[in-house]
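K.L.:
One structure is given below, represented as structure tokens, and several questions about it will come after.
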Amino acid sequence: MVHPIFQPLVPLSILPSYSCPLHILPPNNGFHPIFPNPSQSLKLVKPQCCAVLPCNQNNTALLDDWSQLLQFSIGSQDYMLAKTIHGSLIKSGREGDLFVDNNLVNLYSKFNNMNDAQRIFDEMPVKSTVTWTTLMKGYLKNGDVESVLCIARDMCMVDEKFNEHTCSVVLQACRSPEDRFFGEQVHAFVVKSGLQENVVVATSLVSMYSRSGYLGCAERVFDGITVKDAQCINYMILEYGKAGLGDKAFQIFVDMLKSGLKPSNYTFTNLISACDFSGGLYVGKQLHGLAVNYGFMCETSVRNAMITMYGQHGMVEEAERVFAELDERSLISWSALLSVFVKNGHANKAFEFFLNMIQIGVSLDSGCFSTVLDGCSEWNNLKFGVQIHGLTVKLGQVSDVNSGTALVDLYAKCGSLKSARAIFDRLRNKTIASFNAILVGYLNSKVRDDEEDPMVFFSKLRFSGVKPDGVTFSRLFCLSANQACLVTGKSLHAYAIKVGLEDDTAVGNAVITMYAKCGSVQDAYQIFSSMNRDCVTWNAIISAYALHGEGNHVLLLFEEMKEQGFAPDGITILAVLQACSYSGLWETGLYLFNEIQSKYGITPVIEHYSCVIDLLGRARNLSKAIDIINKSPFPDSVLLWRTFVNACKQCGDLQLGMWASRKLLDLAPHDASSYILISNMYTEGGMFEEAAKVRTAMNDLTLTKETGSSWIEIDNEVHYFIASDKDHPQSREIYANLDLLKDELCWTCGNRNNVELISNSL
């Protein structure tokens with residue numbers, strides 16, 4: 001029992017000295033157990049003196065308005081007034097009444113005092129559905145979803161009936177995929193009770209399924225609602241936008257207009273934010289015009305969404321114009337344009353804009369720091385990033401998880417792994433995002449110390465309770481693939497299945513690549529056959545077979561991909577060209593290259609040209625290769641001319657190779673790899689004096705090339721090899737077997753080009 005802490009009924013000195021009509025009191029949003037009569041009003045009379053009236057005199061009239069006083073205390077957030085009214089209700093003997101107690105539970109819930117709310121609930125002799133729902137709503141407001149679900153179970157145990165508000169609250173508490181099972185039970189009850197047409201309940205169901213990652217179920221619930229309101233439609237637009245389905249969001253908006261419902265600024269904000277799909281710029285411009293017609297351009301949130309939308313489609317100047325027309329610029333507005341500069345590669349504009357924000361006194365938050373630090377990471381500008389780091393320390397933002405994660409990412413990508421690790425270790429709240437950020441640095445690091453090994457670090461983090469996500473596994477699979485560590489890759493694959501990520505498409509794509517690069521293309525195809533596929537999945541399996549030189553299999557997969565409705569992209573074409581080059585399917589590869597733009601609508605990039613030049617070199621059609629270089633958009637590309645010199649080396653055409661070498665060195669006079677390539681070409685052609693001159697010129701310029709290395713994992717032990725190195729304890733046996741293998745290849749391999757290629761590699 002809660003005891004009164006004040007003897008007087010209401011300390012009138014804490015009440016305002018004017019009359020306050022009830023209809024202008026702060027509103028209560030959503031479902032509440034109190035439904036005051038809007039025709040009544042609460043008259044608060046200015047006291048004549050500081051004394052308070054005894055409970056049994058004129059202030060009895062105030063007790064009759066206790067529910068309105070409670071409403072007023074909630075709206076004004078006056079906790080002392082609320083406690084005083086509660087004490088007066090106890091003193092007057094009204095506690096124990098169902099209506100009174102329901103309002104008291106609601107009162108303490110609104111003040112986030114769930115201990116007192118729970119105590120009143122526990123002491124109530126009679127409870128109704130409203131009582132249970134009010135308590136659950138209080139816990140939900142405080143983020144204690146576990147208590148909400150426990151109370152719902154207790155309701156079922158005592159056979160208390162759910163109403164539409166109860167169902168809505170419980171569904172809102174199902175916030176994780178693990179809670180979906182409970183949400184489905186509520187869904188079954190909703191259908192059984194005939195509440196599926198209730199738009200509030202249906203909207204909560206849509207929300208529950210969306211949060212659980214089952215957008216298809218959310219769609220079916222939404223489509224089953226006969227009469228939709230604007231709030232329900234706005235929510236579905238929001239969910240489609242989050243899922244990257246902006247075209248569906250726009251279609252719902254069109255249906256909304258046809259039904260006669262009026263969009264709100266919230267509708268336009270969500271819809272414009274969803275215009276990140278192909279063709280989204282055209283839709284976004286239409287929405288821009290509609291927002292002007294509906295008069296929503298004065299809403300800052302709408303303009304902020306437009307800034308982001310134009311930035312996503314590379315229209316930086318248009319985004320700047322929308323920003324310049326803002327009457328009131330919120331922090332979100334500044335952050336949105338800053339993000340536009342960063343994501344579109346406008347480094348100088350981003351830094352100048354950020355400095356301008358500081359100069360005019362914009363209150364910076366962790367989001368601003370994260371954005372500008374992301375820019376420093378992308379442009380490898382560690383010098384400016386260190387200055388931003390100092391500013392985060394000065395403003396007390398360095399411990400924030402968003403700023404901290406961005407700093408970890410900055411130092412990791414800029415090669416300062418120790419600094420990244422130091423910041424990570426000092427983060428109070430370590431998240432999987434911060435681990436994923438530092439993982440990039442570990443993947444790029446060549447440090448072989450066990451303490452710096454990413455797998456060791458991952459194991460420590462896993463045992464500390466941090467749960468990995470799809471990004472974590474994708475990067476770790478990339479590590480296993482790059483190091484050709486099949487044992488580690490298989491262990492990660494098993495763990496990904498254990499944590500329930502076997503259906504994650506991005507993880508599955510990384511698994512395919514891992515198995516392929518580790519030499520197990522059959523396992524890669526088995527994963528491919530059993531997963532949900534996107535364009536990246538097809539690219540992964542096509543690249544896998546291309547890597548293993550199975551050109552005919554690649555062409556079959558390429559045709560199957562098109563038959564199943566997946567449009568090839570530039571990466572697909574590149575993989576097929578590589579497969580044709582490795583497998584001797586030169587005519588097929590050249591035919592594909594010639595129709596890349598006319599048939600597939602893909603503008604070839606420099607990698608495509610490099611691949612087709614290599615293909616023509618293997619086909620000994622060097623004149624065609626020169627013609628393609630000269631007609632390409634990259635006639636002075638170092639990559640193309642280096643590829644052509646290598647083709648001349650493979651064909652043994654020293655005369656053309658010497659001419660191309662001069663062109664290459666003119667374009668890249670300080671590129672060590674070009675000198676080594678030319679020297680090797682002369683050596684293989686027996687022109688040892690010319691090879692020595694090239695090496696001398698390289699030494700005079702003090703050019704060095706990073707020594708090539710390779711490794712292999714046997715019985716959980718990784719063996720490292722460096723070019724021409726004989727430090728391995730079994731080097732004599734290794735070189736003897738390589739010579740035997742080379743001789744065997746020369747005798748058994750019928751394709752002269754392949755013999756030369758493999759022999760040179762050995």
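Labels for the structure tokens follow display order: chains A, B, ..., residues from 1 in each chain, ligands from 1.
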Fewer than 3 positions away in the same chain doesn't count, so skip those; otherwise give me all residues within 8 Å of Val511 (chain A), counting only C-alpha atoms, as a ChimeraX atom specification.
P.N.:
/A:474,477,489,493,507-508,514-515,524,527
K.L.:
Please save N, CA and C atoms of the selected residues as a compact mmCIF listing (two decimals), in the first residue's frame.
P.N.:
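Everything below was put into result_31.txt:
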# COMPACT_ATOMS: atom_id res chain seq x y z
N SER A 474 31.16 -12.66 -43.32
CA SER A 474 31.59 -12.36 -44.69
C SER A 474 33.06 -11.98 -44.73
N PHE A 477 35.26 -15.05 -43.77
CA PHE A 477 35.35 -15.97 -44.91
C PHE A 477 36.31 -15.40 -45.97
N GLY A 489 38.08 -22.09 -42.79
CA GLY A 489 36.84 -21.75 -43.49
C GLY A 489 35.72 -22.70 -43.15
N HIS A 493 32.19 -21.88 -41.34
CA HIS A 493 30.94 -22.27 -41.97
C HIS A 493 30.04 -23.00 -40.97
N VAL A 507 26.19 -14.07 -46.52
CA VAL A 507 27.09 -15.06 -45.93
C VAL A 507 27.28 -16.23 -46.89
N GLY A 508 26.19 -16.70 -47.50
CA GLY A 508 26.29 -17.78 -48.46
C GLY A 508 27.19 -17.45 -49.63
N MET A 514 34.85 -18.59 -50.63
CA MET A 514 35.86 -19.22 -49.78
C MET A 514 36.21 -20.62 -50.26
N TYR A 515 35.19 -21.44 -50.49
CA TYR A 515 35.45 -22.80 -50.94
C TYR A 515 36.16 -22.81 -52.30
N ALA A 524 31.65 -25.48 -53.19
CA ALA A 524 31.09 -24.17 -53.54
C ALA A 524 29.79 -24.34 -54.31
N ILE A 527 26.86 -25.44 -52.02
CA ILE A 527 26.27 -24.31 -51.29
C ILE A 527 25.38 -23.50 -52.22
K.L.:
Just the number, please: distance in Å from CA of Asp627 (chain A) to CA of Thr588 (chain A), one decimal.
P.N.:
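So the two atoms, CA of Asp627 (chain A) and CA of Thr588 (chain A), lie 18.6 Å apart.
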K.L.:
In region 479-613 of chain A, what's helix (DSSP H, G or I) per DSSP? Answer as an NGL selection string?
P.N.:
:A and (479-483 or 486-498 or 505-517 or 521-529 or 535-547 or 551-563 or 570-583 or 586-594 or 606-613)
K.L.:
So, with only C-alpha atoms as the atoms that count, which of A:Ala540, A:Val612, A:Leu585, A:Leu461 lies closest to Ala516 (chain A)?
P.N.:
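Of the candidates, the smallest distance to Ala516 (chain A) is held by A:Ala540.
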K.L.:
Give me, please, the distance in Å between CA of Val401 (chain A) and CA of Trp334 (chain A), quoted to one decimal.
P.N.:
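One can read the CA of Val401 (chain A) to CA of Trp334 (chain A) distance as 20.8 Å.
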K.L.:
As an exercise, work out the distance from CA of Arg421 (chain A) to CA of Ala406 (chain A) in Å and give it to one decimal place.
P.N.:
12.6 Å
K.L.:
I'd like the contact shell of Glu317 (chain A) - 12 Å cut-off, only C-alpha atoms, skipping same-chain residues fewer than 3 positions apart - returned as an mmCIF file with all heavy atoms, in the first residue's frame.
P.N.:
data_model
loop_
_atom_site.group_PDB
_atom_site.id
_atom_site.type_symbol
_atom_site.label_atom_id
_atom_site.label_comp_id
_atom_site.auth_asym_id
_atom_site.auth_seq_id
_atom_site.Cartn_x
_atom_site.Cartn_y
_atom_site.Cartn_z
ATOM 1 N N ILE A 307 17.413 16.018 -49.555
ATOM 2 C CA ILE A 307 18.871 16.185 -49.610
ATOM 3 C C ILE A 307 19.542 14.821 -49.732
ATOM 4 O O ILE A 307 20.412 14.602 -50.572
ATOM 5 C CB ILE A 307 19.375 16.929 -48.348
ATOM 6 C CG1 ILE A 307 18.877 18.376 -48.353
ATOM 7 C CG2 ILE A 307 20.892 16.886 -48.277
ATOM 8 C CD1 ILE A 307 19.134 19.122 -47.055
ATOM 9 N N THR A 308 19.103 13.888 -48.886
ATOM 10 C CA THR A 308 19.675 12.544 -48.913
ATOM 11 C C THR A 308 19.385 11.847 -50.242
ATOM 12 O O THR A 308 20.255 11.180 -50.819
ATOM 13 C CB THR A 308 19.118 11.710 -47.754
ATOM 14 O OG1 THR A 308 19.405 12.374 -46.513
ATOM 15 C CG2 THR A 308 19.724 10.321 -47.731
ATOM 16 N N TYR A 310 18.736 13.127 -53.285
ATOM 17 C CA TYR A 310 19.531 13.654 -54.398
ATOM 18 C C TYR A 310 20.995 13.230 -54.265
ATOM 19 O O TYR A 310 21.667 12.937 -55.255
ATOM 20 C CB TYR A 310 19.415 15.174 -54.455
ATOM 21 C CG TYR A 310 18.111 15.656 -55.072
ATOM 22 C CD1 TYR A 310 17.223 16.464 -54.357
ATOM 23 C CD2 TYR A 310 17.775 15.303 -56.370
ATOM 24 C CE1 TYR A 310 16.028 16.899 -54.916
ATOM 25 C CE2 TYR A 310 16.584 15.736 -56.944
ATOM 26 C CZ TYR A 310 15.706 16.528 -56.214
ATOM 27 O OH TYR A 310 14.520 16.952 -56.776
ATOM 28 N N GLY A 311 21.479 13.187 -53.035
ATOM 29 C CA GLY A 311 22.852 12.744 -52.818
ATOM 30 C C GLY A 311 23.064 11.298 -53.205
ATOM 31 O O GLY A 311 24.110 10.931 -53.764
ATOM 32 N N HIS A 313 21.752 9.731 -55.546
ATOM 33 C CA HIS A 313 21.779 9.608 -57.000
ATOM 34 C C HIS A 313 22.835 10.520 -57.631
ATOM 35 O O HIS A 313 22.792 10.777 -58.838
ATOM 36 C CB HIS A 313 20.397 9.907 -57.577
ATOM 37 C CG HIS A 313 19.360 8.899 -57.190
ATOM 38 N ND1 HIS A 313 19.256 7.665 -57.797
ATOM 39 C CD2 HIS A 313 18.404 8.914 -56.231
ATOM 40 C CE1 HIS A 313 18.272 6.972 -57.245
ATOM 41 N NE2 HIS A 313 17.742 7.713 -56.300
ATOM 42 N N GLY A 314 23.768 11.004 -56.815
ATOM 43 C CA GLY A 314 24.900 11.764 -57.331
ATOM 44 C C GLY A 314 24.615 13.201 -57.699
ATOM 45 O O GLY A 314 25.486 13.872 -58.265
ATOM 46 N N GLU A 320 22.577 20.519 -52.541
ATOM 47 C CA GLU A 320 23.012 21.798 -51.961
ATOM 48 C C GLU A 320 21.921 22.856 -52.099
ATOM 49 O O GLU A 320 21.711 23.667 -51.187
ATOM 50 C CB GLU A 320 24.289 22.268 -52.652
ATOM 51 C CG GLU A 320 25.523 21.457 -52.301
ATOM 52 C CD GLU A 320 26.775 21.997 -52.966
ATOM 53 O OE1 GLU A 320 27.030 21.620 -54.125
ATOM 54 O OE2 GLU A 320 27.494 22.792 -52.348
ATOM 55 N N ARG A 321 21.235 22.849 -53.230
ATOM 56 C CA ARG A 321 20.181 23.854 -53.445
ATOM 57 C C ARG A 321 19.033 23.667 -52.461
ATOM 58 O O ARG A 321 18.522 24.637 -51.894
ATOM 59 C CB ARG A 321 19.658 23.753 -54.886
ATOM 60 C CG ARG A 321 18.688 24.859 -55.272
ATOM 61 C CD ARG A 321 18.141 24.663 -56.664
ATOM 62 N NE ARG A 321 17.311 23.468 -56.752
ATOM 63 C CZ ARG A 321 16.044 23.426 -56.330
ATOM 64 N NH1 ARG A 321 15.474 24.492 -55.804
ATOM 65 N NH2 ARG A 321 15.358 22.317 -56.445
ATOM 66 N N VAL A 322 18.627 22.402 -52.245
ATOM 67 C CA VAL A 322 17.550 22.137 -51.285
ATOM 68 C C VAL A 322 17.981 22.568 -49.885
ATOM 69 O O VAL A 322 17.198 23.153 -49.133
ATOM 70 C CB VAL A 322 17.186 20.632 -51.297
ATOM 71 C CG1 VAL A 322 16.171 20.322 -50.202
ATOM 72 C CG2 VAL A 322 16.627 20.230 -52.661
ATOM 73 N N PHE A 323 19.246 22.317 -49.539
ATOM 74 C CA PHE A 323 19.757 22.727 -48.230
ATOM 75 C C PHE A 323 19.738 24.247 -48.089
ATOM 76 O O PHE A 323 19.359 24.781 -47.039
ATOM 77 C CB PHE A 323 21.176 22.185 -48.043
ATOM 78 C CG PHE A 323 21.831 22.606 -46.757
ATOM 79 C CD1 PHE A 323 21.587 21.909 -45.582
ATOM 80 C CD2 PHE A 323 22.695 23.692 -46.722
ATOM 81 C CE1 PHE A 323 22.192 22.290 -44.394
ATOM 82 C CE2 PHE A 323 23.302 24.082 -45.541
ATOM 83 C CZ PHE A 323 23.048 23.375 -44.366
ATOM 84 N N ALA A 324 20.142 24.946 -49.161
ATOM 85 C CA ALA A 324 20.206 26.409 -49.112
ATOM 86 C C ALA A 324 18.826 27.028 -48.931
ATOM 87 O O ALA A 324 18.695 28.125 -48.368
ATOM 88 C CB ALA A 324 20.862 26.940 -50.381
ATOM 89 N N LEU A 337 23.656 16.777 -45.595
ATOM 90 C CA LEU A 337 24.477 17.321 -46.679
ATOM 91 C C LEU A 337 25.934 16.910 -46.516
ATOM 92 O O LEU A 337 26.629 16.634 -47.510
ATOM 93 C CB LEU A 337 24.358 18.848 -46.732
ATOM 94 C CG LEU A 337 25.009 19.511 -47.948
ATOM 95 C CD1 LEU A 337 24.447 18.946 -49.245
ATOM 96 C CD2 LEU A 337 24.830 21.024 -47.909
ATOM 97 N N VAL A 340 26.218 13.585 -47.953
ATOM 98 C CA VAL A 340 26.172 13.647 -49.426
ATOM 99 C C VAL A 340 27.569 13.905 -49.979
ATOM 100 O O VAL A 340 28.020 13.247 -50.932
ATOM 101 C CB VAL A 340 25.191 14.740 -49.884
ATOM 102 C CG1 VAL A 340 25.364 15.029 -51.378
ATOM 103 C CG2 VAL A 340 23.753 14.325 -49.596
ATOM 104 N N PHE A 341 28.277 14.873 -49.391
ATOM 105 C CA PHE A 341 29.633 15.175 -49.851
ATOM 106 C C PHE A 341 30.555 13.966 -49.690
ATOM 107 O O PHE A 341 31.346 13.641 -50.570
ATOM 108 C CB PHE A 341 30.198 16.371 -49.076
ATOM 109 C CG PHE A 341 29.534 17.681 -49.399
ATOM 110 C CD1 PHE A 341 29.310 18.634 -48.419
ATOM 111 C CD2 PHE A 341 29.137 17.975 -50.695
ATOM 112 C CE1 PHE A 341 28.710 19.843 -48.706
ATOM 113 C CE2 PHE A 341 28.529 19.180 -51.012
ATOM 114 C CZ PHE A 341 28.318 20.116 -50.006
ATOM 115 N N ASN A 344 29.756 10.977 -52.111
ATOM 116 C CA ASN A 344 29.993 11.260 -53.525
ATOM 117 C C ASN A 344 31.447 11.642 -53.805
ATOM 118 O O ASN A 344 31.764 12.112 -54.899
ATOM 119 C CB ASN A 344 29.053 12.366 -54.006
ATOM 120 C CG ASN A 344 27.628 11.883 -54.200
ATOM 121 O OD1 ASN A 344 27.280 11.335 -55.239
ATOM 122 N ND2 ASN A 344 26.793 12.062 -53.184
ATOM 123 N N HIS A 346 33.396 14.003 -52.574
ATOM 124 C CA HIS A 346 33.785 15.416 -52.579
ATOM 125 C C HIS A 346 34.522 15.716 -51.271
ATOM 126 O O HIS A 346 33.960 16.309 -50.340
ATOM 127 C CB HIS A 346 32.559 16.310 -52.735
ATOM 128 C CG HIS A 346 31.908 16.198 -54.076
ATOM 129 N ND1 HIS A 346 31.358 17.281 -54.736
ATOM 130 C CD2 HIS A 346 31.724 15.148 -54.905
ATOM 131 C CE1 HIS A 346 30.853 16.903 -55.901
ATOM 132 N NE2 HIS A 346 31.069 15.591 -56.007
ATOM 133 N N LYS A 349 35.002 19.551 -50.265
ATOM 134 C CA LYS A 349 33.731 20.149 -49.854
ATOM 135 C C LYS A 349 33.296 19.635 -48.491
ATOM 136 O O LYS A 349 32.773 20.383 -47.660
ATOM 137 C CB LYS A 349 32.642 19.844 -50.890
ATOM 138 C CG LYS A 349 32.638 20.771 -52.086
ATOM 139 C CD LYS A 349 31.380 20.554 -52.927
ATOM 140 C CE LYS A 349 31.290 21.586 -54.041
ATOM 141 N NZ LYS A 349 30.046 21.428 -54.835
#
K.L.:
Quick one: residues within 6 Å of region 300-306 of chain A, only C-alpha atoms counted, chain neighbours fewer than 2 positions away excluded, as a PyMOL selection string?
P.N.:
chain A and resi 269+272-273+308-309+333
K.L.:
Since we have the selection now, will you write its residues out, keeping all heavy atoms, as a tab-separated table (two decimals), in the first residue's frame?
P.N.:
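Here's the written file result-v6.tsv:
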chain	number	residue	atom	x	y	z
A	269	THR	N	8.24	12.02	-46.22
A	269	THR	CA	9.57	11.78	-45.67
A	269	THR	C	9.99	10.33	-45.88
A	269	THR	O	11.10	10.04	-46.35
A	269	THR	CB	9.60	12.12	-44.17
A	269	THR	OG1	9.25	13.50	-43.99
A	269	THR	CG2	10.98	11.88	-43.59
A	272	ILE	N	10.26	9.51	-49.88
A	272	ILE	CA	11.45	10.08	-50.52
A	272	ILE	C	12.70	9.35	-50.05
A	272	ILE	O	13.64	9.11	-50.82
A	272	ILE	CB	11.55	11.59	-50.22
A	272	ILE	CG1	10.38	12.33	-50.91
A	272	ILE	CG2	12.87	12.16	-50.71
A	272	ILE	CD1	10.23	13.77	-50.49
A	273	SER	N	12.72	8.94	-48.78
A	273	SER	CA	13.86	8.19	-48.24
A	273	SER	C	14.00	6.83	-48.90
A	273	SER	O	15.08	6.23	-48.86
A	273	SER	CB	13.72	8.03	-46.73
A	273	SER	OG	13.67	9.28	-46.07
A	308	THR	N	19.10	13.89	-48.89
A	308	THR	CA	19.68	12.54	-48.91
A	308	THR	C	19.38	11.85	-50.24
A	308	THR	O	20.26	11.18	-50.82
A	308	THR	CB	19.12	11.71	-47.75
A	308	THR	OG1	19.40	12.37	-46.51
A	308	THR	CG2	19.72	10.32	-47.73
A	309	MET	N	18.14	11.98	-50.73
A	309	MET	CA	17.75	11.32	-51.97
A	309	MET	C	18.58	11.81	-53.15
A	309	MET	O	19.12	11.00	-53.93
A	309	MET	CB	16.26	11.57	-52.24
A	309	MET	CG	15.70	10.88	-53.48
A	309	MET	SD	15.83	11.88	-54.99
A	309	MET	CE	14.73	13.25	-54.62
A	333	SER	N	19.78	18.19	-40.90
A	333	SER	CA	19.99	18.83	-42.20
A	333	SER	C	21.48	18.95	-42.50
A	333	SER	O	21.94	18.61	-43.60
A	333	SER	CB	19.34	20.22	-42.22
A	333	SER	OG	18.00	20.17	-41.78
K.L.:
What's around region 156-171 of chain A at 8 Å? Count only C-alpha atoms, leave out sequence neighbours fewer than 4 positions away in its own chain, and write the answer as a PyMOL selection string.
P.N.:
chain A and resi 31+128-129+133+136-137+140+148-149+152+183+186+190+195+198+200-201+204-205+208
K.L.:
Could you give me, as a compact mmCIF listing (two decimals) with all heavy atoms, in the first residue's frame, the residues within 9 Å of Tyr442 (chain A), counting only C-alpha atoms and dropping anything in the same chain fewer than 6 positions from it?
P.N.:
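The result, written out as part_31.txt:
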# COMPACT_ATOMS: atom_id res chain seq x y z
N ALA A 412 42.08 1.55 -38.70
CA ALA A 412 42.26 0.23 -39.31
C ALA A 412 42.49 0.35 -40.81
O ALA A 412 43.39 -0.29 -41.37
CB ALA A 412 41.03 -0.64 -39.02
N LEU A 417 47.06 -0.19 -37.12
CA LEU A 417 46.29 -1.22 -36.43
C LEU A 417 46.39 -1.11 -34.92
O LEU A 417 45.42 -1.37 -34.20
CB LEU A 417 46.76 -2.60 -36.90
CG LEU A 417 45.90 -3.79 -36.52
CD1 LEU A 417 44.47 -3.59 -37.01
CD2 LEU A 417 46.47 -5.07 -37.11
N GLU A 452 47.85 -10.79 -32.87
CA GLU A 452 47.26 -9.90 -33.86
C GLU A 452 46.43 -10.65 -34.90
O GLU A 452 45.90 -10.05 -35.80
CB GLU A 452 48.37 -9.11 -34.57
CG GLU A 452 49.20 -8.23 -33.66
CD GLU A 452 48.38 -7.14 -33.01
OE1 GLU A 452 47.55 -6.55 -33.72
OE2 GLU A 452 48.55 -6.89 -31.81
N ASP A 453 46.39 -11.97 -34.80
CA ASP A 453 45.64 -12.74 -35.77
C ASP A 453 44.14 -12.52 -35.60
O ASP A 453 43.63 -12.57 -34.47
CB ASP A 453 45.95 -14.24 -35.60
CG ASP A 453 45.33 -15.05 -36.72
OD1 ASP A 453 44.17 -15.47 -36.55
OD2 ASP A 453 46.00 -15.25 -37.74
N PRO A 454 43.43 -12.23 -36.68
CA PRO A 454 41.99 -11.93 -36.55
C PRO A 454 41.18 -13.09 -36.02
O PRO A 454 40.18 -12.88 -35.34
CB PRO A 454 41.57 -11.56 -37.98
CG PRO A 454 42.65 -12.08 -38.85
CD PRO A 454 43.90 -12.07 -38.06
K.L.:
With distances taken over only C-alpha atoms, which of A:Val126, A:Leu427, A:Leu592, A:Val718 is nearest to Phe99 (chain A)?
P.N.:
A:Val126
